[in-house]
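Q: One structure, as structure tokens, below. Some questions next.
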Amino acid sequence: MTLPLPALIAIGIAGLALLLLLIIRFKMQAFYALILASIVVGLAAGLPMTNITADDGTVERLGIIQAIVAGVGGTLGSVAVLVALGSMLGKIIELSGGAESLAGRFTKWLGPKRVGIALVIAAAILAIPVFFDAGFIILVPIIFAFSKVAGRNPIKFGLPVAGIMLAVHVAVPPHPGIVGGATILGADIGWVTIFALLVSIPLAALAFWVGKLINRREFAMIEATKEMFDSFGNDQPSANAGLRDGEKAPSAFTVLGLILLPLVLIMLGTAVAPMFDAGSFWNSFLSMIGQPIFALMVAIAAAMFFLGVRRGWSASKLGEVMESALPAAAVIILVTGAGGAFGKILTETGIGGAVAEVLAGSGMPLLLAAFLISLIMRAAQGSATVAITTTAGLLLPSVAVLGLDTIHVALVAVAIGYGALGLSHVNDSGFWVVTRYLGLSVKDGLRTWTPLTTVLGVAGFLLTSILYAAIPIS
């Protein structure tokens, strides 16, 4: 039996409060706290204790534990391999001295005061063809290296970089959420891309400025990240590392090429593959090499050769370097999966969907409803993709009744995308990826990352609203 809307909302708020209390007040390990809170919320909301099956054996409704397993599996299916491979690539670059070589070169070219701006611009461009998690993980060793050279906490550079990458991810095709939402609404992907890119330009500047404002105060790094950051670059190339005597660190151009390699492959898959007929050899081939997992595998193989074998590392040395990346990655993977479990429980209870339906029927302006429903769905269950596609489905009848032209339908889709940008918190896998890599505690993540994503989401919506009002409806 479904509970009344007020009861569902109260349970959702209480569950979130319990989670924060366990992690912040009682210092409970985040993975355990997320699973525990998921069970409590599921029981309180009346989810079945085990699967409910139909006469033909199909599952009609997931039980609490089964929903948790599904949430962990659904999240880690895409994140776990990316985190592990990205960590390996970063470790090879780090221990070869490549990351600091690249950071030193760019610092010399741009000057210390311009490094943060350059990183944000580069991140915005790289985020267009690359999924948020994969792109941010690829850039982590560079963020660490620049931070080392500048003598700063990695959050100084990492926070605005992550913010603009997520802003691009939720609104600019070919990312799956906005493409799915635009398809449901019947919006033109070309116009969605044009408007989202236009809005992304001022958002990049805003991400840098807000990040700088937030970083006026110092945030202590959690111990696991502090150890990783303190040791970053300490194992510089030497004879003891298996390199030839007197050999220098790899050039900045070599390292930059290795970082760009997976991004170029992903771009081929997203931008070039659709030019060929579906099912053709070139369409299939380019689509395969453009998958982030495949692209990272290729980049690791290239790094093993150019930064390892070619520089004198033995096979055992390469194996040790790659394996040393996994312990830190495992913590991020587990916490990310638990965040997916909490989001799945909230989805199964219907908390976010119930609120969204009420808003959809409230009679508020379409563009505002698009933003708020997407924002609530994002806060309730964590996934930006789910928030965008669900909101698009709820608003499709309203869009059809209003008879909007192509341009304004595209702007509705963009507004939905920016709604899914805000309020990233503990049920979002991206929250854990960013906070763990940058060394933020849950409390500090809610003080920094959550406000940054919300400011960017609101700003993106306001800019979209200006375009919506300024362009006459034809």
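By convention in this document, the chains of the structure tokens carry letters A, B, ... by their order, each chain's residues are numbered from 1, and ligands are numbered from 1 in the order they are shown.
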Show which residues sit within 10 Å of segment 81-85 of chain A, as a VMD selection string. Count only C-alpha atoms, and ignore same-chain residues fewer than 6 positions away.
A: chain A and resid 91 133 to 138 292 to 297 299 to 300 322 to 323 325 to 330 332 to 333 433
Q: Can you spit out the residues from that selection as a CSV table (one decimal), in the first residue's frame, using N, CA, C and O atoms?
A:
```
chain,number,residue,atom,x,y,z
A,91,LYS,N,48.0,6.6,-12.0
A,91,LYS,CA,49.1,6.1,-11.2
A,91,LYS,C,50.4,6.0,-12.1
A,91,LYS,O,51.5,6.3,-11.7
A,133,ASP,N,32.0,11.2,-14.9
A,133,ASP,CA,32.9,10.4,-14.0
A,133,ASP,C,34.2,10.1,-14.7
A,133,ASP,O,35.3,10.3,-14.1
A,134,ALA,N,34.1,9.7,-16.0
A,134,ALA,CA,35.3,9.3,-16.7
A,134,ALA,C,36.3,10.5,-16.9
A,134,ALA,O,37.5,10.4,-16.7
A,135,GLY,N,35.7,11.6,-17.3
A,135,GLY,CA,36.5,12.8,-17.6
A,135,GLY,C,37.1,13.3,-16.3
A,135,GLY,O,38.3,13.7,-16.3
A,136,PHE,N,36.4,13.4,-15.2
A,136,PHE,CA,37.0,13.9,-14.0
A,136,PHE,C,38.1,13.0,-13.5
A,136,PHE,O,39.2,13.5,-13.0
A,137,ILE,N,37.9,11.7,-13.5
A,137,ILE,CA,38.9,10.7,-13.1
A,137,ILE,C,40.2,10.9,-13.9
A,137,ILE,O,41.3,10.8,-13.4
A,138,ILE,N,40.0,11.1,-15.2
A,138,ILE,CA,41.2,11.3,-16.1
A,138,ILE,C,42.0,12.5,-15.7
A,138,ILE,O,43.2,12.5,-15.7
A,292,PRO,N,34.0,4.6,-23.2
A,292,PRO,CA,35.0,5.0,-22.2
A,292,PRO,C,35.9,3.9,-21.7
A,292,PRO,O,37.1,4.1,-21.5
A,293,ILE,N,35.3,2.7,-21.5
A,293,ILE,CA,36.1,1.6,-20.9
A,293,ILE,C,37.2,1.2,-22.0
A,293,ILE,O,38.4,1.1,-21.6
A,294,PHE,N,36.8,1.1,-23.2
A,294,PHE,CA,37.7,0.7,-24.3
A,294,PHE,C,38.8,1.8,-24.4
A,294,PHE,O,40.0,1.5,-24.6
A,295,ALA,N,38.4,3.0,-24.4
A,295,ALA,CA,39.3,4.1,-24.6
A,295,ALA,C,40.3,4.2,-23.5
A,295,ALA,O,41.5,4.4,-23.8
A,296,LEU,N,39.9,3.9,-22.3
A,296,LEU,CA,40.9,3.9,-21.2
A,296,LEU,C,41.8,2.7,-21.3
A,296,LEU,O,43.0,2.9,-20.9
A,297,MET,N,41.3,1.6,-21.7
A,297,MET,CA,42.2,0.5,-21.9
A,297,MET,C,43.3,0.8,-22.9
A,297,MET,O,44.5,0.4,-22.7
A,299,ALA,N,44.4,3.8,-23.7
A,299,ALA,CA,45.3,4.8,-23.1
A,299,ALA,C,46.3,4.1,-22.1
A,299,ALA,O,47.5,4.5,-22.0
A,300,ILE,N,45.8,3.2,-21.3
A,300,ILE,CA,46.7,2.5,-20.3
A,300,ILE,C,47.8,1.7,-21.1
A,300,ILE,O,49.0,1.7,-20.7
A,322,MET,N,50.4,-0.5,-11.3
A,322,MET,CA,49.0,-0.5,-11.6
A,322,MET,C,48.2,-1.1,-10.4
A,322,MET,O,47.1,-0.6,-10.1
A,323,GLU,N,48.8,-2.1,-9.7
A,323,GLU,CA,48.1,-2.6,-8.6
A,323,GLU,C,48.0,-1.7,-7.4
A,323,GLU,O,47.0,-1.6,-6.6
A,325,ALA,N,47.3,1.3,-7.5
A,325,ALA,CA,46.2,2.3,-7.7
A,325,ALA,C,44.9,1.8,-7.2
A,325,ALA,O,44.0,2.5,-7.0
A,326,LEU,N,44.8,0.4,-7.0
A,326,LEU,CA,43.5,-0.1,-6.7
A,326,LEU,C,42.9,0.1,-5.3
A,326,LEU,O,41.7,0.2,-5.1
A,327,PRO,N,43.8,0.0,-4.2
A,327,PRO,CA,43.2,0.2,-2.9
A,327,PRO,C,42.4,1.5,-2.7
A,327,PRO,O,41.3,1.5,-2.2
A,328,ALA,N,43.0,2.6,-3.2
A,328,ALA,CA,42.3,3.9,-3.1
A,328,ALA,C,41.0,3.9,-4.0
A,328,ALA,O,40.0,4.4,-3.6
A,329,ALA,N,41.1,3.2,-5.2
A,329,ALA,CA,39.9,3.2,-6.1
A,329,ALA,C,38.8,2.3,-5.4
A,329,ALA,O,37.6,2.6,-5.6
A,330,ALA,N,39.2,1.3,-4.7
A,330,ALA,CA,38.2,0.4,-4.1
A,330,ALA,C,37.3,1.2,-3.1
A,330,ALA,O,36.1,0.9,-3.1
A,332,ILE,N,36.5,4.3,-3.2
A,332,ILE,CA,35.6,5.2,-4.0
A,332,ILE,C,34.5,4.4,-4.6
A,332,ILE,O,33.3,4.7,-4.6
A,333,ILE,N,34.9,3.2,-5.1
A,333,ILE,CA,33.9,2.3,-5.8
A,333,ILE,C,32.8,1.9,-4.8
A,333,ILE,O,31.6,1.9,-5.1
A,433,VAL,N,32.5,10.5,-5.9
A,433,VAL,CA,33.7,10.6,-6.7
A,433,VAL,C,34.4,11.9,-6.5
A,433,VAL,O,35.6,11.9,-6.3
```
Q: Work out how far apart atom CA of Thr50 of chain A and atom CA of Trp432 of chain A are and give it in Å to one decimal.
A: 28.5 Å
Q: Counting only C-alpha atoms, which residues of segment 108-219 of chain A fall within 9 Å of segment 406-425 of chain A, and what is the closest atom pair for each with its distance in Å at one decimal, ordered by chain and rising number, as a Markdown table?
A:
```
| residue | atom | partner | partner_atom | distance |
| --- | --- | --- | --- | --- |
| A:Leu166 | CA | A:Leu421 | CA | 7.0 |
| A:Ala167 | CA | A:Leu421 | CA | 6.3 |
| A:His169 | CA | A:Leu421 | CA | 8.7 |
| A:Val170 | CA | A:Gly417 | CA | 5.2 |
| A:Ala171 | CA | A:Gly417 | CA | 4.8 |
| A:Val172 | CA | A:Val414 | CA | 8.2 |
| A:Gly177 | CA | A:Gly417 | CA | 7.7 |
| A:Ile178 | CA | A:Gly417 | CA | 6.1 |
| A:Gly181 | CA | A:Ala413 | CA | 6.5 |
| A:Ala182 | CA | A:Ala413 | CA | 5.6 |
| A:Leu185 | CA | A:Val409 | CA | 7.2 |
| A:Gly186 | CA | A:Val409 | CA | 7.7 |
| A:Ala187 | CA | A:Ala410 | CA | 4.9 |
| A:Asp188 | CA | A:Ala410 | CA | 6.1 |
| A:Ile189 | CA | A:Ala410 | CA | 7.6 |
| A:Gly190 | CA | A:Ala410 | CA | 8.8 |
| A:Trp191 | CA | A:Ala410 | CA | 6.1 |
| A:Val192 | CA | A:Ala410 | CA | 5.1 |
| A:Thr193 | CA | A:Val414 | CA | 8.8 |
| A:Phe195 | CA | A:Leu411 | CA | 7.2 |
| A:Ala196 | CA | A:Val414 | CA | 6.4 |
```
Q: For atom CA of Thr53 of chain A and atom CA of Gly350 of chain A, quote the distance in Å rounded to one decimal.
A: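 Spanning atom CA of Thr53 of chain A to atom CA of Gly350 of chain A is a straight-line distance of 19.1 Å.
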Q: For Leu368 of chain A, please output as an NGL selection string all residues within 10 Å (counting only C-alpha atoms; exclusion window: fewer than 2 positions along the same chain).
A: :A and (359 or 364-366 or 370-374 or 412 or 415-416 or 419 or 461-462 or 465)
Q: Might you pull out every residue within 12 Å of Lys108 of chain A, with only C-alpha atoms counted and same-chain residues fewer than 6 positions away left off, and present them as a VMD selection string?
A: chain A and resid 100 to 102 114 to 115 146 149 to 150 252
Q: Take the residues that were just selected and, keeping N, CA, C and O atoms, output them as a short mmCIF file (atom, residue, chain, number, x, y, z; two decimals), in the first residue's frame.
A:
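Okay, again02.cif is ready:
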```
data_model
loop_
_atom_site.label_atom_id
_atom_site.label_comp_id
_atom_site.auth_asym_id
_atom_site.auth_seq_id
_atom_site.Cartn_x
_atom_site.Cartn_y
_atom_site.Cartn_z
N GLU A 100 53.58 15.84 -12.88
CA GLU A 100 54.26 17.06 -12.43
C GLU A 100 55.01 17.73 -13.57
O GLU A 100 55.16 18.95 -13.59
N SER A 101 55.49 16.93 -14.53
CA SER A 101 56.14 17.50 -15.71
C SER A 101 55.16 18.36 -16.49
O SER A 101 55.46 19.49 -16.90
N LEU A 102 53.94 17.83 -16.67
CA LEU A 102 52.91 18.58 -17.39
C LEU A 102 52.49 19.81 -16.61
O LEU A 102 52.35 20.91 -17.17
N ARG A 114 47.01 32.00 -13.72
CA ARG A 114 46.11 31.62 -14.81
C ARG A 114 45.87 30.11 -14.89
O ARG A 114 45.08 29.67 -15.73
N VAL A 115 46.52 29.34 -14.07
CA VAL A 115 46.40 27.89 -14.15
C VAL A 115 44.96 27.44 -13.88
O VAL A 115 44.41 26.60 -14.60
N PHE A 146 49.09 20.00 -10.53
CA PHE A 146 49.04 21.45 -10.47
C PHE A 146 48.99 21.92 -9.01
O PHE A 146 49.61 22.93 -8.65
N VAL A 149 52.49 21.66 -7.50
CA VAL A 149 53.38 22.72 -7.97
C VAL A 149 53.02 24.05 -7.33
O VAL A 149 53.90 24.84 -6.93
N ALA A 150 51.70 24.32 -7.20
CA ALA A 150 51.25 25.60 -6.64
C ALA A 150 51.25 25.60 -5.12
O ALA A 150 51.05 26.65 -4.50
N ALA A 252 56.11 16.94 -21.30
CA ALA A 252 54.72 17.35 -21.08
C ALA A 252 53.85 16.97 -22.27
O ALA A 252 52.68 16.61 -22.11
#
```
Q: Enumerate the residues of segment 280-453 of chain A with a DSSP assignment of alpha helix (DSSP H), computed from the backbone, and present them as a PyMOL selection string.
A: chain A and resi 281-289+292-303+315-323+326-349+351-360+366-381+384-402+406-419+429-438+442-453
Q: Take the residues that were just selected and, keeping C-alpha atoms, output them as a compact mmCIF listing (two decimals), in the first residue's frame.
A:
```txt
# COMPACT_ATOMS: atom_id res chain seq x y z
CA PHE A 281 31.38 -1.76 -40.03
CA TRP A 282 32.62 1.80 -39.43
CA ASN A 283 29.63 2.70 -37.28
CA SER A 284 30.15 -0.38 -35.12
CA PHE A 285 33.94 -0.04 -34.99
CA LEU A 286 33.96 3.64 -34.05
CA SER A 287 31.17 3.11 -31.53
CA MET A 288 33.20 0.37 -29.86
CA ILE A 289 36.48 2.30 -29.63
CA PRO A 292 35.00 5.05 -22.24
CA ILE A 293 36.14 1.65 -20.94
CA PHE A 294 37.74 0.68 -24.26
CA ALA A 295 39.29 4.14 -24.65
CA LEU A 296 40.87 3.94 -21.19
CA MET A 297 42.20 0.45 -21.92
CA VAL A 298 43.94 1.80 -25.03
CA ALA A 299 45.33 4.77 -23.09
CA ILE A 300 46.69 2.50 -20.35
CA ALA A 301 48.36 0.27 -22.95
CA ALA A 302 49.98 3.36 -24.52
CA ALA A 303 51.07 4.64 -21.09
CA ALA A 315 56.90 -6.11 -16.31
CA SER A 316 56.82 -6.67 -12.55
CA LYS A 317 57.35 -2.96 -11.92
CA LEU A 318 54.43 -2.10 -14.21
CA GLY A 319 52.26 -4.63 -12.43
CA GLU A 320 53.13 -3.20 -9.03
CA VAL A 321 52.43 0.36 -10.17
CA MET A 322 49.02 -0.54 -11.58
CA GLU A 323 48.07 -2.65 -8.55
CA LEU A 326 43.48 -0.14 -6.70
CA PRO A 327 43.19 0.22 -2.89
CA ALA A 328 42.26 3.91 -3.12
CA ALA A 329 39.95 3.16 -6.06
CA ALA A 330 38.19 0.40 -4.07
CA VAL A 331 37.04 2.83 -1.37
CA ILE A 332 35.60 5.20 -3.97
CA ILE A 333 33.90 2.32 -5.81
CA LEU A 334 32.23 0.92 -2.67
CA VAL A 335 30.96 4.27 -1.40
CA THR A 336 29.71 5.17 -4.88
CA GLY A 337 27.81 1.89 -5.08
CA ALA A 338 26.23 2.46 -1.67
CA GLY A 339 25.10 5.90 -2.84
CA GLY A 340 23.40 4.17 -5.76
CA ALA A 341 21.66 1.83 -3.32
CA PHE A 342 20.29 4.74 -1.29
CA GLY A 343 19.05 6.39 -4.48
CA LYS A 344 17.37 3.16 -5.60
CA ILE A 345 15.52 2.84 -2.29
CA LEU A 346 14.26 6.43 -2.60
CA THR A 347 13.12 5.69 -6.15
CA GLU A 348 11.30 2.50 -5.14
CA THR A 349 9.41 4.34 -2.39
CA ILE A 351 9.00 9.90 -2.92
CA GLY A 352 10.49 11.91 -5.77
CA GLY A 353 7.90 10.81 -8.32
CA ALA A 354 4.95 11.73 -6.12
CA VAL A 355 6.22 15.26 -5.52
CA ALA A 356 7.01 15.66 -9.22
CA GLU A 357 3.46 14.70 -10.25
CA VAL A 358 1.98 17.28 -7.87
CA LEU A 359 4.19 19.99 -9.33
CA ALA A 360 3.37 18.94 -12.89
CA LEU A 366 6.10 25.28 -17.96
CA LEU A 367 9.78 26.26 -17.86
CA LEU A 368 9.76 26.70 -14.08
CA ALA A 369 7.95 23.39 -13.61
CA ALA A 370 10.53 21.71 -15.87
CA PHE A 371 13.39 22.99 -13.73
CA LEU A 372 11.82 22.31 -10.32
CA ILE A 373 10.57 18.81 -11.13
CA SER A 374 13.96 17.81 -12.48
CA LEU A 375 15.65 19.36 -9.43
CA ILE A 376 13.41 17.45 -7.02
CA MET A 377 13.85 14.19 -8.91
CA ARG A 378 17.62 14.71 -8.84
CA ALA A 379 17.63 15.41 -5.09
CA ALA A 380 15.34 12.46 -4.37
CA GLN A 381 17.09 9.66 -6.24
CA ALA A 384 20.77 13.14 -13.32
CA THR A 385 19.86 10.87 -16.25
CA VAL A 386 16.84 9.45 -14.43
CA ALA A 387 15.77 12.96 -13.33
CA ILE A 388 15.92 14.31 -16.89
CA THR A 389 14.13 11.45 -18.61
CA THR A 390 11.45 11.16 -15.91
CA THR A 391 10.73 14.89 -15.98
CA ALA A 392 10.52 14.90 -19.76
CA GLY A 393 7.95 12.10 -19.63
CA LEU A 394 5.85 13.93 -17.03
CA LEU A 395 5.85 17.18 -19.02
CA LEU A 396 5.29 15.69 -22.48
CA PRO A 397 1.49 16.17 -22.34
CA SER A 398 1.90 19.85 -21.33
CA VAL A 399 4.40 20.50 -24.12
CA ALA A 400 2.05 18.87 -26.62
CA VAL A 401 -0.97 20.93 -25.47
CA LEU A 402 0.95 24.23 -25.68
CA THR A 406 11.11 23.72 -32.23
CA ILE A 407 13.29 26.32 -30.51
CA HIS A 408 11.18 26.60 -27.37
CA VAL A 409 10.81 22.83 -27.00
CA ALA A 410 14.61 22.65 -27.13
CA LEU A 411 14.84 25.29 -24.39
CA VAL A 412 12.43 23.29 -22.20
CA ALA A 413 14.76 20.31 -22.59
CA VAL A 414 17.76 22.45 -21.61
CA ALA A 415 15.92 23.77 -18.53
CA ILE A 416 15.22 20.18 -17.48
CA GLY A 417 18.92 19.42 -17.88
CA TYR A 418 19.96 22.25 -15.57
CA GLY A 419 17.41 21.13 -12.99
CA SER A 429 27.55 8.81 -7.22
CA GLY A 430 29.22 11.96 -8.56
CA PHE A 431 29.16 13.46 -5.06
CA TRP A 432 31.28 10.59 -3.77
CA VAL A 433 33.66 10.58 -6.74
CA VAL A 434 34.36 14.31 -6.35
CA THR A 435 34.54 14.45 -2.56
CA ARG A 436 36.71 11.34 -2.16
CA TYR A 437 39.20 12.30 -4.87
CA LEU A 438 39.44 15.88 -3.57
CA VAL A 442 30.73 14.53 3.82
CA LYS A 443 30.12 17.67 5.86
CA ASP A 444 32.54 19.73 3.75
CA GLY A 445 31.16 18.18 0.54
CA LEU A 446 27.71 19.46 1.49
CA ARG A 447 29.26 22.88 2.15
CA THR A 448 31.12 23.07 -1.15
CA TRP A 449 30.06 20.68 -3.90
CA THR A 450 26.32 20.78 -3.21
CA PRO A 451 26.12 24.62 -3.21
CA LEU A 452 28.33 24.84 -6.31
CA THR A 453 26.16 22.48 -8.34
```
Q: So what do you get for atom CA of Gly116 of chain A versus atom CA of Ala204 of chain A, distance-wise?
A: 11.4 Å
Q: Using only C-alpha atoms, pick whichever of A:Ile121, A:Pro48, A:Leu404, A:Leu265 has the shortest atom-to-atom distance to Ile64 of chain A.
A: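 Checking each of A:Ile121, A:Pro48, A:Leu404, A:Leu265 against Ile64 of chain A, counting only C-alpha atoms, the winner is A:Pro48.
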Q: Excluding Phe208 of chain A and any residue of its chain fewer than 3 positions from it, enumerate the residues within 7 Å of it, using only C-alpha atoms, and give them as a ChimeraX atom specification.
A: /A:117,120,160,204-205,211-212
Q: Write out as a VMD selection string the residues lying within 12 Å of segment 20-22 of chain A, counting only C-alpha atoms and excluding same-chain residues fewer than 4 positions away.
A: chain A and resid 13 to 16 26 to 37 425 to 427 441 to 446
Q: Restricting the output to N, CA and C atoms, write the selected residues as a PDB file, in the first residue's frame.
A:
```pdb
ATOM      1  N   ILE A  13      12.853  12.909   4.179  1.00  0.00           N
ATOM      2  CA  ILE A  13      13.633  13.905   4.930  1.00  0.00           C
ATOM      3  C   ILE A  13      14.288  13.260   6.153  1.00  0.00           C
ATOM      4  N   ALA A  14      13.505  12.419   6.854  1.00  0.00           N
ATOM      5  CA  ALA A  14      14.037  11.758   8.057  1.00  0.00           C
ATOM      6  C   ALA A  14      15.183  10.803   7.690  1.00  0.00           C
ATOM      7  N   GLY A  15      15.042  10.105   6.564  1.00  0.00           N
ATOM      8  CA  GLY A  15      16.096   9.186   6.134  1.00  0.00           C
ATOM      9  C   GLY A  15      17.382   9.912   5.801  1.00  0.00           C
ATOM     10  N   LEU A  16      17.242  11.044   5.119  1.00  0.00           N
ATOM     11  CA  LEU A  16      18.419  11.841   4.782  1.00  0.00           C
ATOM     12  C   LEU A  16      19.066  12.404   6.051  1.00  0.00           C
ATOM     13  N   PHE A  26      28.310  10.817  14.237  1.00  0.00           N
ATOM     14  CA  PHE A  26      28.846   9.590  14.821  1.00  0.00           C
ATOM     15  C   PHE A  26      30.029   9.022  14.038  1.00  0.00           C
ATOM     16  N   LYS A  27      30.467   9.735  12.995  1.00  0.00           N
ATOM     17  CA  LYS A  27      31.677   9.376  12.238  1.00  0.00           C
ATOM     18  C   LYS A  27      31.611   7.954  11.681  1.00  0.00           C
ATOM     19  N   MET A  28      30.417   7.496  11.363  1.00  0.00           N
ATOM     20  CA  MET A  28      30.261   6.145  10.826  1.00  0.00           C
ATOM     21  C   MET A  28      30.809   6.094   9.402  1.00  0.00           C
ATOM     22  N   GLN A  29      31.426   4.974   9.056  1.00  0.00           N
ATOM     23  CA  GLN A  29      31.969   4.813   7.708  1.00  0.00           C
ATOM     24  C   GLN A  29      30.842   4.979   6.685  1.00  0.00           C
ATOM     25  N   ALA A  30      31.103   5.738   5.636  1.00  0.00           N
ATOM     26  CA  ALA A  30      30.045   6.157   4.711  1.00  0.00           C
ATOM     27  C   ALA A  30      29.347   4.976   4.041  1.00  0.00           C
ATOM     28  N   PHE A  31      30.092   3.952   3.643  1.00  0.00           N
ATOM     29  CA  PHE A  31      29.496   2.797   2.974  1.00  0.00           C
ATOM     30  C   PHE A  31      28.466   2.121   3.871  1.00  0.00           C
ATOM     31  N   TYR A  32      28.851   1.851   5.120  1.00  0.00           N
ATOM     32  CA  TYR A  32      27.940   1.180   6.053  1.00  0.00           C
ATOM     33  C   TYR A  32      26.735   2.068   6.361  1.00  0.00           C
ATOM     34  N   ALA A  33      26.985   3.376   6.543  1.00  0.00           N
ATOM     35  CA  ALA A  33      25.904   4.293   6.887  1.00  0.00           C
ATOM     36  C   ALA A  33      24.869   4.378   5.753  1.00  0.00           C
ATOM     37  N   LEU A  34      25.330   4.387   4.518  1.00  0.00           N
ATOM     38  CA  LEU A  34      24.415   4.453   3.375  1.00  0.00           C
ATOM     39  C   LEU A  34      23.543   3.207   3.282  1.00  0.00           C
ATOM     40  N   ILE A  35      24.140   2.041   3.486  1.00  0.00           N
ATOM     41  CA  ILE A  35      23.361   0.799   3.433  1.00  0.00           C
ATOM     42  C   ILE A  35      22.357   0.750   4.591  1.00  0.00           C
ATOM     43  N   LEU A  36      22.802   1.152   5.794  1.00  0.00           N
ATOM     44  CA  LEU A  36      21.918   1.155   6.957  1.00  0.00           C
ATOM     45  C   LEU A  36      20.747   2.112   6.754  1.00  0.00           C
ATOM     46  N   ALA A  37      21.016   3.325   6.295  1.00  0.00           N
ATOM     47  CA  ALA A  37      19.951   4.296   6.048  1.00  0.00           C
ATOM     48  C   ALA A  37      18.992   3.796   4.971  1.00  0.00           C
ATOM     49  N   HIS A 425      24.081  15.497  -3.816  1.00  0.00           N
ATOM     50  CA  HIS A 425      24.428  15.203  -2.418  1.00  0.00           C
ATOM     51  C   HIS A 425      24.685  13.712  -2.258  1.00  0.00           C
ATOM     52  N   VAL A 426      24.443  13.181  -1.061  1.00  0.00           N
ATOM     53  CA  VAL A 426      24.956  11.859  -0.716  1.00  0.00           C
ATOM     54  C   VAL A 426      24.361  10.700  -1.502  1.00  0.00           C
ATOM     55  N   ASN A 427      23.236  10.880  -2.189  1.00  0.00           N
ATOM     56  CA  ASN A 427      22.696   9.780  -2.985  1.00  0.00           C
ATOM     57  C   ASN A 427      23.141   9.839  -4.441  1.00  0.00           C
ATOM     58  N   SER A 441      35.383  15.750   3.416  1.00  0.00           N
ATOM     59  CA  SER A 441      34.478  14.973   4.251  1.00  0.00           C
ATOM     60  C   SER A 441      33.052  15.182   3.740  1.00  0.00           C
ATOM     61  N   VAL A 442      32.130  14.362   4.217  1.00  0.00           N
ATOM     62  CA  VAL A 442      30.731  14.527   3.817  1.00  0.00           C
ATOM     63  C   VAL A 442      30.224  15.923   4.185  1.00  0.00           C
ATOM     64  N   LYS A 443      30.555  16.353   5.394  1.00  0.00           N
ATOM     65  CA  LYS A 443      30.123  17.671   5.855  1.00  0.00           C
ATOM     66  C   LYS A 443      30.659  18.771   4.946  1.00  0.00           C
ATOM     67  N   ASP A 444      31.947  18.700   4.611  1.00  0.00           N
ATOM     68  CA  ASP A 444      32.537  19.725   3.748  1.00  0.00           C
ATOM     69  C   ASP A 444      32.050  19.596   2.304  1.00  0.00           C
ATOM     70  N   GLY A 445      31.736  18.360   1.875  1.00  0.00           N
ATOM     71  CA  GLY A 445      31.163  18.181   0.544  1.00  0.00           C
ATOM     72  C   GLY A 445      29.812  18.868   0.421  1.00  0.00           C
ATOM     73  N   LEU A 446      29.006  18.782   1.481  1.00  0.00           N
ATOM     74  CA  LEU A 446      27.713  19.458   1.487  1.00  0.00           C
ATOM     75  C   LEU A 446      27.868  20.981   1.573  1.00  0.00           C
TER      76      LEU A 446
END
```
Q: Give the answer as one residue: which of A:Gly57, A:Pro173, A:Pro250, A:Gly158 has the shortest atom-to-atom distance to Asn215 of chain A, using only C-alpha atoms?
A: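 Closest candidate: A:Gly158.
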